[in-house]
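Undergrad: Structure supplied as input-v4.txt; contents: compact mmCIF, C-alpha atoms.
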```txt
# COMPACT_ATOMS: atom_id res chain seq x y z
CA MET A 13 0.00 0.00 0.00
CA PHE A 14 2.85 2.36 0.90
CA VAL A 15 4.75 1.66 -2.34
CA LEU A 16 1.58 1.62 -4.47
CA SER A 17 0.20 4.93 -3.15
CA GLY A 18 3.60 6.63 -3.49
CA SER A 19 4.10 5.42 -7.06
CA ALA A 20 0.48 6.23 -8.02
CA GLY A 21 0.95 9.76 -6.63
CA GLU A 22 4.15 10.31 -8.60
CA LEU A 23 2.61 8.92 -11.80
CA ALA A 24 -0.38 11.25 -11.38
CA VAL A 25 1.93 14.26 -10.88
CA THR A 26 4.00 13.20 -13.93
CA HIS A 27 0.85 13.01 -16.07
CA GLY A 28 -0.23 16.44 -14.78
CA MET A 29 3.15 17.93 -15.72
CA LYS A 30 3.00 16.45 -19.23
CA LYS A 31 -0.52 17.87 -19.63
CA ALA A 32 0.71 21.28 -18.40
CA GLY A 33 3.26 21.27 -21.24
CA ALA A 34 7.01 21.75 -20.93
CA PRO A 35 8.43 25.30 -20.84
CA ASP A 36 10.09 26.18 -24.19
CA HIS A 37 13.17 27.52 -22.45
CA LEU A 38 14.49 27.38 -18.90
CA ARG A 39 13.96 31.11 -18.33
CA ILE A 40 12.33 32.61 -15.25
CA LYS A 41 9.22 33.99 -17.02
CA GLN A 42 8.52 30.69 -18.81
CA LEU A 43 9.22 28.64 -15.67
CA ILE A 44 6.75 30.74 -13.65
CA SER A 45 4.16 30.37 -16.40
CA PHE A 46 4.75 26.57 -16.45
CA LEU A 47 4.43 26.31 -12.65
CA GLY A 48 1.17 28.29 -12.82
CA ARG A 49 -0.21 25.73 -15.31
CA ALA A 50 1.21 22.84 -13.26
CA PHE A 51 -0.44 23.91 -9.99
CA CYS A 52 -3.77 24.27 -11.83
CA SER A 53 -3.59 20.68 -13.10
CA PRO A 54 -6.17 18.39 -11.41
CA TRP A 55 -3.71 15.50 -11.76
CA PHE A 56 -1.24 17.37 -9.56
CA TRP A 57 -3.91 17.59 -6.84
CA VAL A 58 -4.68 13.87 -7.27
CA GLY A 59 -0.99 13.03 -6.84
CA VAL A 60 -0.19 15.14 -3.79
CA PRO A 61 -2.72 13.46 -1.39
CA LEU A 62 -1.57 10.03 -2.62
CA MET A 63 2.04 10.93 -1.82
CA ALA A 64 0.92 12.26 1.58
CA LEU A 65 -0.91 8.95 2.17
CA SER A 66 2.26 7.07 1.25
CA PHE A 67 4.25 9.15 3.76
CA TYR A 68 1.64 8.45 6.46
CA LEU A 69 1.77 4.70 5.68
CA LEU A 70 5.58 4.82 5.91
CA MET A 71 5.26 6.26 9.42
CA VAL A 72 2.77 3.50 10.35
CA LEU A 73 5.07 0.82 8.89
CA LEU A 74 8.03 2.20 10.82
CA SER A 75 6.05 1.81 14.04
CA TRP A 76 5.49 -1.89 13.21
CA GLU A 77 8.74 -3.03 11.61
CA PRO A 78 12.44 -2.08 12.04
CA ILE A 79 13.75 0.70 9.78
CA SER A 80 16.40 -1.69 8.39
CA LEU A 81 13.57 -3.72 6.82
CA VAL A 82 11.17 -0.93 5.79
CA ILE A 83 13.55 1.46 4.00
CA PRO A 84 15.27 -1.20 1.80
CA ALA A 85 11.80 -2.59 0.95
CA SER A 86 10.79 0.88 -0.25
CA ALA A 87 13.36 0.46 -3.07
CA LEU A 88 10.66 -1.68 -4.71
CA SER A 89 9.03 1.62 -5.71
CA TYR A 90 11.60 1.85 -8.56
CA VAL A 91 10.16 -1.31 -10.11
CA VAL A 92 6.50 -0.49 -9.37
CA GLY A 93 6.98 3.08 -10.69
CA THR A 94 8.57 1.78 -13.91
CA LEU A 95 5.71 -0.70 -14.43
CA GLY A 96 3.25 2.17 -13.95
CA ALA A 97 5.21 4.38 -16.36
CA LYS A 98 5.17 1.61 -18.99
CA TYR A 99 1.54 0.52 -18.73
CA ILE A 100 -0.24 3.70 -17.57
CA LEU A 101 1.87 6.54 -19.00
CA LYS A 102 2.78 4.44 -22.09
CA GLU A 103 6.51 5.15 -21.81
CA GLU A 104 8.83 2.90 -23.82
CA VAL A 105 10.87 0.91 -21.32
CA ASN A 106 13.42 -1.14 -23.24
CA GLY A 107 15.72 -3.86 -21.89
CA VAL A 108 18.58 -1.44 -21.14
CA ARG A 109 16.33 0.82 -19.07
CA TRP A 110 14.86 -2.19 -17.22
CA ALA A 111 18.36 -3.45 -16.43
CA GLY A 112 19.29 0.01 -15.11
CA VAL A 113 16.14 0.26 -12.98
CA LEU A 114 16.72 -3.21 -11.47
CA LEU A 115 20.37 -2.40 -10.64
CA VAL A 116 19.32 0.91 -9.04
CA CYS A 117 16.59 -0.92 -7.06
CA VAL A 118 19.04 -3.51 -5.67
CA GLY A 119 21.73 -0.85 -5.08
CA VAL A 120 19.35 1.44 -3.16
CA ALA A 121 18.12 -1.51 -1.07
CA ILE A 122 21.74 -2.38 -0.14
CA VAL A 123 22.68 1.26 0.64
CA ALA A 124 19.47 1.86 2.63
CA ALA A 125 20.05 -1.33 4.65
CA GLY A 126 23.17 0.45 5.97
CA MET B 25 23.28 20.74 -31.35
CA SER B 26 20.64 18.15 -32.30
CA HIS B 27 17.22 18.17 -30.62
CA GLU B 28 17.84 14.85 -28.84
CA ARG B 29 21.26 15.94 -27.58
CA ARG B 30 19.78 19.21 -26.26
CA LEU B 31 16.95 17.29 -24.57
CA ARG B 32 19.42 14.90 -22.93
CA LEU B 33 21.63 17.77 -21.72
CA LYS B 34 18.60 19.73 -20.39
CA THR B 35 17.36 16.62 -18.56
CA LEU B 36 20.75 15.84 -17.02
CA VAL B 37 21.15 19.45 -15.84
CA MET B 38 17.72 19.32 -14.16
CA VAL B 39 18.44 15.91 -12.57
CA PHE B 40 21.70 17.40 -11.24
CA VAL B 41 19.78 20.39 -9.78
CA MET B 42 17.29 17.92 -8.20
CA MET B 43 20.12 15.91 -6.68
CA VAL B 44 21.90 18.97 -5.24
CA CYS B 45 18.65 20.40 -3.82
CA ALA B 46 17.53 17.06 -2.28
CA THR B 47 20.93 16.22 -0.78
CA THR B 48 21.49 19.74 0.63
CA GLY B 49 17.88 20.00 1.88
CA ASP B 50 17.99 16.62 3.64
CA SER B 51 21.38 17.36 5.23
CA LEU B 52 20.24 20.79 6.49
CA LEU B 53 16.98 19.29 7.81
CA LYS B 54 18.94 16.62 9.66
CA ARG B 55 21.27 19.26 11.14
CA GLY B 56 18.35 21.55 12.06
CA MET B 57 16.37 18.79 13.76
CA SER B 58 19.49 17.64 15.65
CA GLN B 59 19.86 21.20 16.98
CA ILE B 60 16.25 21.06 18.22
CA GLY B 61 16.85 17.74 19.96
CA PRO B 62 14.52 14.79 20.59
CA VAL B 63 10.82 15.60 20.13
CA SER B 64 8.31 14.40 22.76
CA LEU B 65 5.28 12.88 21.03
CA ASN B 66 2.65 14.74 23.05
CA HIS B 67 0.72 17.95 22.43
CA ALA B 68 3.13 20.24 24.31
CA GLY B 69 6.22 18.52 22.89
CA LEU B 70 5.01 18.77 19.28
CA LEU B 71 4.03 22.45 19.72
CA GLN B 72 7.45 23.22 21.20
CA ALA B 73 9.21 21.36 18.34
CA PHE B 74 7.11 23.25 15.75
CA ARG B 75 7.91 26.61 17.38
CA LEU B 76 11.65 25.81 17.49
CA ALA B 77 11.61 24.51 13.89
CA MET B 78 9.89 27.64 12.60
CA THR B 79 12.48 29.89 14.26
CA SER B 80 15.48 27.86 13.03
CA GLY B 81 17.34 29.42 10.10
CA THR B 82 18.82 26.01 9.21
CA ILE B 83 15.35 24.47 8.84
CA TRP B 84 14.13 27.38 6.69
CA PHE B 85 17.15 26.88 4.40
CA ALA B 86 16.32 23.15 4.28
CA ILE B 87 12.71 23.93 3.33
CA LEU B 88 13.95 26.29 0.60
CA PHE B 89 16.17 23.57 -0.93
CA LEU B 90 13.40 20.96 -0.68
CA ILE B 91 11.00 23.34 -2.48
CA GLY B 92 13.74 23.72 -5.12
CA PHE B 93 13.85 19.92 -5.43
CA MET B 94 10.06 19.71 -5.85
CA LEU B 95 9.93 22.46 -8.49
CA SER B 96 12.88 21.05 -10.49
CA ASN B 97 11.30 17.57 -10.31
CA MET B 98 7.98 18.92 -11.61
CA THR B 99 9.76 20.83 -14.40
CA VAL B 100 11.85 17.90 -15.66
CA LEU B 101 8.81 15.58 -15.62
CA SER B 102 7.04 17.96 -18.02
CA TRP B 103 9.23 16.64 -20.85
CA ALA B 104 11.19 13.61 -19.59
CA ASP B 105 9.97 10.08 -18.81
CA TYR B 106 9.20 9.20 -15.20
CA SER B 107 10.99 5.87 -15.78
CA TYR B 108 14.11 7.89 -16.75
CA VAL B 109 14.07 10.62 -14.07
CA MET B 110 13.19 8.39 -11.08
CA PRO B 111 16.15 5.96 -11.34
CA ALA B 112 18.53 8.70 -12.53
CA SER B 113 17.85 10.74 -9.39
CA ALA B 114 19.04 7.77 -7.29
CA ILE B 115 22.57 8.99 -8.06
CA GLY B 116 21.96 11.16 -4.95
CA TYR B 117 22.73 8.08 -2.80
CA ALA B 118 26.18 7.89 -4.41
CA ALA B 119 26.69 11.66 -4.02
CA VAL B 120 25.86 11.49 -0.29
CA THR B 121 28.38 8.65 0.13
CA PHE B 122 31.17 10.51 -1.69
CA VAL B 123 30.45 13.80 0.14
CA GLY B 124 30.31 11.99 3.50
CA MET B 125 33.64 10.32 2.83
CA ALA B 126 35.48 13.30 1.30
CA LEU B 127 34.18 16.18 3.44
CA LEU B 128 33.08 14.59 6.70
CA GLY B 129 35.68 11.80 6.82
CA GLU B 130 32.99 9.11 7.25
CA THR B 131 33.98 5.46 6.88
CA VAL B 132 32.09 3.65 4.12
CA SER B 133 31.48 -0.08 4.53
CA PRO B 134 32.30 -2.46 1.63
CA ARG B 135 28.59 -3.38 1.46
CA ARG B 136 27.64 0.27 0.93
CA TRP B 137 30.32 0.58 -1.81
CA ILE B 138 28.71 -2.40 -3.59
CA GLY B 139 25.32 -0.65 -3.39
CA VAL B 140 26.80 2.63 -4.69
CA ALA B 141 28.53 0.80 -7.57
CA LEU B 142 25.25 -0.90 -8.56
CA ILE B 143 23.41 2.46 -8.45
CA CYS B 144 26.09 4.18 -10.57
CA PHE B 145 26.04 1.40 -13.18
CA GLY B 146 22.22 1.36 -13.16
CA VAL B 147 22.05 5.14 -13.65
CA PHE B 148 24.66 4.85 -16.44
CA LEU B 149 22.44 2.27 -18.23
CA VAL B 150 19.28 4.40 -17.81
CA GLY B 151 21.28 7.38 -19.11
CA GLN B 152 21.94 5.47 -22.36
CA THR B 153 18.20 5.42 -23.18
CA LYS B 154 16.13 8.27 -24.65
CA PRO B 155 15.01 10.73 -21.93
CA SER B 156 11.61 11.16 -23.53
CA THR B 157 9.71 8.36 -25.28
CA SER B 158 6.10 9.39 -24.77
CA ALA B 159 4.01 12.38 -25.62
CA VAL B 160 1.13 13.00 -23.22
CA ALA B 161 -0.55 9.65 -22.56
CA GLU B 162 -3.70 9.60 -24.64
CA ALA B 163 -5.46 7.01 -22.51
CA LEU B 164 -5.95 9.45 -19.63
CA PRO B 165 -7.90 12.71 -19.69
```
Rewrite the structure from the file as structure tokens, please.
TA:
Amino acid sequence: MFVLSGSAGELAVTHGMKKAGAPDHLRIKQLISFLGRAFCSPWFWVGVPLMALSFYLLMVLLSWEPISLVIPASALSYVVGTLGAKYILKEEVNGVRWAGVLLVCVGVAIVAAG
Amino acid sequence: MSHERRLRLKTLVMVFVMMVCATTGDSLLKRGMSQIGPVSLNHAGLLQAFRLAMTSGTIWFAILFLIGFMLSNMTVLSWADYSYVMPASAIGYAAVTFVGMALLGETVSPRRWIGVALICFGVFLVGQTKPSTSAVAEALP
């Protein structure tokens, strides 16, 4: 639930940002205009409560299980997020990107385990 | 410069900004909360912690950097794939390790080095793919 709500929130925000449209240049005026569009996106406001729920669930999990188990397990969000990006956002995830995501997932789990 | 090369460079610059903002923000937050000390989980304790946090310059700087992280993340996701940005930003774990070792003289365990090496190689592989493969998903409104 913690991983799913966090990934769902981030996917919703990503979709909102794509709908808002990228700024043509990284200049202050265009960035402010982009952020105005982004904060008006309903998908942004779908994503934020889901990410807040994920944070709340993380706190609950930490009260049940040791941090050395919970934080490495959260590395699964790299895989769940990539699956969501592929099947919901229709991103092309080729073999090289999958290999990279899996290595990052295992690496983060090892680093987070301390 | 070709369009794809420009896109890749723009994405990498934004991921770098994200990484710097997140790492600096987290470090400042940790330092600020350490200055406040342990928080008692009762009404009076939480109010006291909130009051101390809101008057701490370190915590305000941390909040500023974390807002910078959020805004740069939102901006890069407006053109780049989520499945590209999310793993690429994990390079922050490696950065924290190198900074901890070089500046703070922390000892890094061999197990952590293995994790950092896997992250670096994983980010290198993700970096070989196209930063943007999808227009706005048509399936969703």
Undergrad: Which neighbours of B:Trp137 fall inside 9 Å, counting only C-alpha atoms, when residues of the same chain fewer than 3 positions from it are skipped, and could you give them as a VMD selection string?
TA: (chain A and resid 123) or (chain B and resid 118 121 132 to 134 140 to 142)
Undergrad: Please identify every residue of chain A that has at least one atom no more than 10 Å from any atom of chain B, counting only C-alpha atoms, and report them as a ChimeraX atom specification.
TA: /A:22-23,25-35,37-38,43,46-47,50-51,55-56,89-91,93-98,100-126
Undergrad: What does the distance from atom CA of B:Val39 to atom CA of A:Met13 come to in Å, to one decimal?
TA: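 Between these atoms lies a distance of 27.4 Å.
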Undergrad: Just give me the gap between atom CA of B:Ala126 and atom CA of B:Leu88 in Å, one decimal is fine.
TA: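 Distance reported for this atom pair: 25.2 Å.
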Undergrad: Calculate how many Å separate atom CA of B:Ser58 from atom CA of A:Val60, rounding to one decimal.
TA: 27.8 Å
Undergrad: Here is a test: counting all atoms listed in the file, which residue of A:Ser66, A:Trp76, A:Pro61, A:Ile40 is nearest to A:Val15?
TA: A:Ser66
Undergrad: Restricting the calculation to all atoms listed in the file, which member of A:Tyr99, A:Met63, A:Val92, A:Leu73 is positioned closest to A:Gly18?
TA: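 Checking each candidate against A:Gly18, we get A:Met63 as the closest.
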Undergrad: Give the padded box for stretch 67-78 of chain B as AutoDock Vina command-line options: axis-aligned, covering all atoms listed in the file, 6 Å on each side, centre and edge lengths in Å to one decimal.
TA:
```
--center_x 6.2 --center_y 22.8 --center_z 18.5 --size_x 22.9 --size_y 21.7 --size_z 23.7
```
Undergrad: B:Leu52: which residues within 8 Å, counting all atoms listed in the file, same-chain residues fewer than 3 positions away excluded, as a PyMOL selection string?
TA: chain B and resi 48-49+55-56+82-83+85-86
Undergrad: Add whatever atoms are absent from stretch 61-79 of chain B to reach N, CA and C atoms, and provide the output as an mmCIF file, in the coordinates of the input.
TA:
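Output (selection_33.cif):
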```cif
data_model
loop_
_atom_site.group_PDB
_atom_site.id
_atom_site.type_symbol
_atom_site.label_atom_id
_atom_site.label_comp_id
_atom_site.auth_asym_id
_atom_site.auth_seq_id
_atom_site.Cartn_x
_atom_site.Cartn_y
_atom_site.Cartn_z
ATOM 1 N N GLY B 61 16.794 18.831 18.973
ATOM 2 C CA GLY B 61 16.850 17.740 19.960
ATOM 3 C C GLY B 61 15.648 16.820 19.846
ATOM 4 N N PRO B 62 15.610 15.760 20.672
ATOM 5 C CA PRO B 62 14.520 14.790 20.590
ATOM 6 C C PRO B 62 13.160 15.452 20.829
ATOM 7 N N VAL B 63 12.171 15.017 20.035
ATOM 8 C CA VAL B 63 10.820 15.600 20.130
ATOM 9 C C VAL B 63 9.929 14.663 20.948
ATOM 10 N N SER B 64 9.256 15.221 21.977
ATOM 11 C CA SER B 64 8.310 14.400 22.760
ATOM 12 C C SER B 64 7.001 14.308 21.979
ATOM 13 N N LEU B 65 6.496 13.079 21.845
ATOM 14 C CA LEU B 65 5.280 12.880 21.030
ATOM 15 C C LEU B 65 4.020 13.130 21.865
ATOM 16 N N ASN B 66 3.908 14.323 22.413
ATOM 17 C CA ASN B 66 2.650 14.740 23.050
ATOM 18 C C ASN B 66 2.351 16.158 22.587
ATOM 19 N N HIS B 67 1.170 16.661 22.941
ATOM 20 C CA HIS B 67 0.720 17.950 22.430
ATOM 21 C C HIS B 67 1.756 19.061 22.693
ATOM 22 N N ALA B 68 2.189 19.167 23.933
ATOM 23 C CA ALA B 68 3.130 20.240 24.310
ATOM 24 C C ALA B 68 4.481 20.059 23.606
ATOM 25 N N GLY B 69 4.940 18.809 23.521
ATOM 26 C CA GLY B 69 6.220 18.520 22.890
ATOM 27 C C GLY B 69 6.213 18.860 21.406
ATOM 28 N N LEU B 70 5.110 18.506 20.726
ATOM 29 C CA LEU B 70 5.010 18.770 19.280
ATOM 30 C C LEU B 70 4.918 20.282 19.025
ATOM 31 N N LEU B 71 4.157 20.990 19.869
ATOM 32 C CA LEU B 71 4.030 22.450 19.720
ATOM 33 C C LEU B 71 5.397 23.128 19.911
ATOM 34 N N GLN B 72 6.121 22.668 20.900
ATOM 35 C CA GLN B 72 7.450 23.220 21.200
ATOM 36 C C GLN B 72 8.394 22.967 20.024
ATOM 37 N N ALA B 73 8.347 21.711 19.473
ATOM 38 C CA ALA B 73 9.210 21.360 18.340
ATOM 39 C C ALA B 73 8.859 22.223 17.128
ATOM 40 N N PHE B 74 7.556 22.439 16.894
ATOM 41 C CA PHE B 74 7.110 23.250 15.750
ATOM 42 C C PHE B 74 7.613 24.688 15.905
ATOM 43 N N ARG B 75 7.480 25.231 17.117
ATOM 44 C CA ARG B 75 7.910 26.610 17.380
ATOM 45 C C ARG B 75 9.429 26.736 17.141
ATOM 46 N N LEU B 76 10.186 25.771 17.660
ATOM 47 C CA LEU B 76 11.650 25.810 17.490
ATOM 48 C C LEU B 76 12.032 25.649 16.020
ATOM 49 N N ALA B 77 11.310 24.744 15.307
ATOM 50 C CA ALA B 77 11.610 24.510 13.890
ATOM 51 C C ALA B 77 11.357 25.768 13.064
ATOM 52 N N MET B 78 10.257 26.464 13.375
ATOM 53 C CA MET B 78 9.890 27.640 12.600
ATOM 54 C C MET B 78 10.795 28.842 12.878
ATOM 55 N N THR B 79 11.562 28.772 13.964
ATOM 56 C CA THR B 79 12.480 29.890 14.260
ATOM 57 C C THR B 79 13.927 29.507 13.965
#
```
